[in-house]
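Below is one structure, written out as structure tokens; the observations come after it.
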Amino acid sequence: MYERYSRQLLFSGIGENGQALLQNKHVLVVGAGALGTGNAEILVRSGVGNITIVDRDYVEWSNLQRQQLYTEEDAKQQIPKAVSAKERLEAINSDVTVEAHIADITPAEMEHFAQGVDLIMDATDNFEIRMIINDAAQKYSIPWIYGSIVASYGISYTIVPGTTPCLHCLIEGIPIGGLTCDTGGVISPVVQLVVGHQTAEALKILTENWAHLRHELLSFDVWTNERSTVNVEKLKKANCPSCGTEPMYPFLRQNQMKSEVLCGRDTVQIRPAANENRDLNMIGERLSKLGKVHQNAFLLQFKTDHNRMVMFKDGRVLVHGTNDATEAKSLYHKFFG
Amino acid sequence: MQLLINGNMTEIPDSIKTIADVKQHFQISNPVVIVEHNGEILEKDSHAVQEIANGDKIEFVQFVGGG
Ligand SMILES: [Zn+2]
């Protein structure tokens, strides 16, 4: 039964002990875009026992260049990434239990998903969720691995509660402006490299090879051939609100209706305060009198002459064709209440 | 003056005196940038006073959000 892991068993850093440890571990992968699909595929092929993957979006054509679990069919049918990823991951390794959730992580959901998890892989595309991950990781003492990419640039850091500085120590708040956008594009090689660094650290943590962790903030540009590793231990702050001596976990404390401009996508996401399941059939029937409705089992697309909106079962709506949160909110209220 | 910036030897004008000047010279406006100067990580509020000299080694690490 270990045949499929034979090359990993021969590797001295893992071996039979390491393989048995992997099989008993549970990893939460937050995001199923470029980094999420890459991370999840390697962890699943490696034989990590349980993987939970959470993503808020559906597959689009522009994803196929770098998001390795998806196919043209997924894009045509607008399949939610979590659903498609789960199917593909289970086909790759049926030993692994894969749980998938279509959701935009709120603080409450983060606390829920963090229960019983050994490691969190960051594969999100924004710092708001990263700060929520960071707080939950500190509160429940779970290691997590920051990874991010823009253009040909990649960065990663492994955060171990009680040992390393946390993300809050390093960046002191949510960066605003162009940094979180993918307006500069992104190329696949940098995705693969960050995934490689994240999963190498993950395998060390999951097989309890703590001494081999990198401990340095790593960043590189594969186009300009720059690379740097920086020791950031000195930035750990005793009064950090997330990991200090009197932690407040500030990013776990907010929960309200939210609109968010998805950079570089000409889209605004509206997330209602209450996360409750919507009856898409009923909503679809009502909206079909006002425009074109297209539905699959997970989401509903509604098109008027001017706008395109997608509602997920959990109540979130993506308003496409605008970067204006106010306009998006008024469209949301007009059509979805 | 020459500085080793992110591994590349780079010529900069002598009018540049501090880490903050270097950031401005290269238009690094990212508010979340970590700076290492000759192997020492710098606190954010020291950028404006930290002086540089010919041959210094500087690493700029910029936090980005894509995934
Ligand atoms: Zn901290």
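We label chains A, B, ... in the order they appear in the structure tokens, count residues from 1 in each chain, and number ligands from 1 in the order shown.
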
Could you name the residues that touch Val35 of chain B at 8 Å or less, counting only C-alpha atoms, but leaving out those on the same chain fewer than 4 positions away, as a ChimeraX atom specification? /B:41-42,58-61

Convert the current residue selection to file output with N, CA and C atoms, as a PDB file, in the first residue's frame.
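Saved file out.pdb follows:
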ATOM      1  N   ILE B  41      18.552  43.640  10.464  1.00  0.00           N
ATOM      2  CA  ILE B  41      17.201  44.050  10.110  1.00  0.00           C
ATOM      3  C   ILE B  41      16.901  45.398  10.778  1.00  0.00           C
ATOM      4  N   LEU B  42      16.220  46.284  10.062  1.00  0.00           N
ATOM      5  CA  LEU B  42      15.961  47.620  10.597  1.00  0.00           C
ATOM      6  C   LEU B  42      14.524  47.778  11.053  1.00  0.00           C
ATOM      7  N   ILE B  58      22.420  46.013   1.046  1.00  0.00           N
ATOM      8  CA  ILE B  58      21.038  46.293   1.449  1.00  0.00           C
ATOM      9  C   ILE B  58      20.082  45.315   0.786  1.00  0.00           C
ATOM     10  N   GLU B  59      19.165  44.760   1.571  1.00  0.00           N
ATOM     11  CA  GLU B  59      18.117  43.900   1.015  1.00  0.00           C
ATOM     12  C   GLU B  59      16.768  44.578   1.260  1.00  0.00           C
ATOM     13  N   PHE B  60      15.989  44.708   0.197  1.00  0.00           N
ATOM     14  CA  PHE B  60      14.618  45.181   0.343  1.00  0.00           C
ATOM     15  C   PHE B  60      13.687  44.008   0.098  1.00  0.00           C
ATOM     16  N   VAL B  61      12.797  43.746   1.039  1.00  0.00           N
ATOM     17  CA  VAL B  61      11.821  42.684   0.824  1.00  0.00           C
ATOM     18  C   VAL B  61      10.431  43.304   0.836  1.00  0.00           C
TER      19      VAL B  61
END

Could you produce a table of the residues of chain A lying within 12 Å of ligand 1, with the nearest pair of atoms per residue and their separation in Å rounded to one decimal, using only C-alpha atoms and all ligand atoms, ordered by chain and increasing residue number, as a tab-separated table?
residue	atom	partner	partner_atom_place_in_ligand_line	distance
A:Met131	CA	ligand 1	1 (Zn)	10.5
A:Asn134	CA	ligand 1	1 (Zn)	8.6
A:Asp135	CA	ligand 1	1 (Zn)	8.9
A:Ala137	CA	ligand 1	1 (Zn)	11.0
A:Gln138	CA	ligand 1	1 (Zn)	8.6
A:Lys139	CA	ligand 1	1 (Zn)	11.5
A:Ile159	CA	ligand 1	1 (Zn)	9.7
A:Val160	CA	ligand 1	1 (Zn)	10.6
A:Pro161	CA	ligand 1	1 (Zn)	8.8
A:Gly162	CA	ligand 1	1 (Zn)	9.6
A:Thr163	CA	ligand 1	1 (Zn)	10.3
A:Thr164	CA	ligand 1	1 (Zn)	8.4
A:Pro165	CA	ligand 1	1 (Zn)	5.2
A:Cys166	CA	ligand 1	1 (Zn)	4.0
A:Leu167	CA	ligand 1	1 (Zn)	6.1
A:His168	CA	ligand 1	1 (Zn)	4.7
A:Cys169	CA	ligand 1	1 (Zn)	3.9
A:Leu170	CA	ligand 1	1 (Zn)	7.3
A:Ile171	CA	ligand 1	1 (Zn)	9.2
A:Glu172	CA	ligand 1	1 (Zn)	8.5
A:Gly173	CA	ligand 1	1 (Zn)	10.8
A:Val232	CA	ligand 1	1 (Zn)	11.7
A:Glu233	CA	ligand 1	1 (Zn)	10.8
A:Lys234	CA	ligand 1	1 (Zn)	11.3
A:Leu235	CA	ligand 1	1 (Zn)	8.5
A:Lys236	CA	ligand 1	1 (Zn)	6.0
A:Lys237	CA	ligand 1	1 (Zn)	5.9
A:Ala238	CA	ligand 1	1 (Zn)	7.7
A:Asn239	CA	ligand 1	1 (Zn)	7.9
A:Cys240	CA	ligand 1	1 (Zn)	4.6
A:Pro241	CA	ligand 1	1 (Zn)	6.6
A:Ser242	CA	ligand 1	1 (Zn)	5.0
A:Cys243	CA	ligand 1	1 (Zn)	4.1
A:Gly244	CA	ligand 1	1 (Zn)	5.9
A:Thr245	CA	ligand 1	1 (Zn)	9.7
A:Glu246	CA	ligand 1	1 (Zn)	10.8
A:Pro247	CA	ligand 1	1 (Zn)	8.8
A:Met248	CA	ligand 1	1 (Zn)	10.8
A:Tyr249	CA	ligand 1	1 (Zn)	9.9
A:Pro250	CA	ligand 1	1 (Zn)	11.4

For chain A, which residues have at least one atom within 10 Å of chain B, if we go by only C-alpha atoms? Write them as JSON, numbers by chain, please. {"A": [31, 32, 33, 34, 35, 36, 122, 123, 124, 125, 126, 127, 128, 130, 146, 147, 148, 149, 150, 151, 153, 154, 155, 156, 170, 171, 172, 173, 174, 175, 176, 177, 178, 179, 180, 181, 182, 183, 184, 185, 186, 191, 194, 217, 218, 219, 220, 225, 226, 227, 228, 229, 230, 231, 232, 233, 234, 235, 263]}

As JSON, numbers by chain, list the residues of segment 13-205 of chain A assigned to helix (DSSP H, G or I) by DSSP on the backbone atoms of this structure. {"A": [15, 16, 17, 18, 19, 20, 21, 22, 23, 34, 35, 36, 37, 38, 39, 40, 41, 42, 43, 44, 45, 46, 61, 62, 63, 72, 73, 74, 75, 76, 77, 81, 82, 83, 84, 85, 86, 87, 88, 89, 90, 91, 92, 107, 108, 109, 110, 111, 112, 113, 114, 127, 128, 129, 130, 131, 132, 133, 134, 135, 136, 137, 138, 139, 167, 168, 169, 170, 171, 178, 179, 180, 188, 189, 190, 191, 192, 193, 194, 195, 196, 197, 198, 199, 200, 201, 202, 203, 204, 205]}

Which residues are near segment 281-296 of chain A? Cut-off 9 Å, only C-alpha atoms, ignore same chain within fewer than 4 positions. Put them as a ChimeraX atom specification. /A:77-79,300-305,335-336

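Separating atom CA of His47 of chain B from atom CA of Met9 of chain B is a distance of 20.6 Å.
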
Contacts of Thr326 of chain A within 12 Å, only C-alpha atoms, excl. fewer than 2 positions in-chain, as a PyMOL selection string: chain A and resi 258-261+268-270+319+322-324+328-333

Choose the residue, out of A:Val48, A:Ile142, A:Leu22, A:Val190, that has the smallest atom-to-atom separation from Gly116 of chain A; count only C-alpha atoms.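 For Gly116 of chain A, the nearest of the given residues is A:Ile142.
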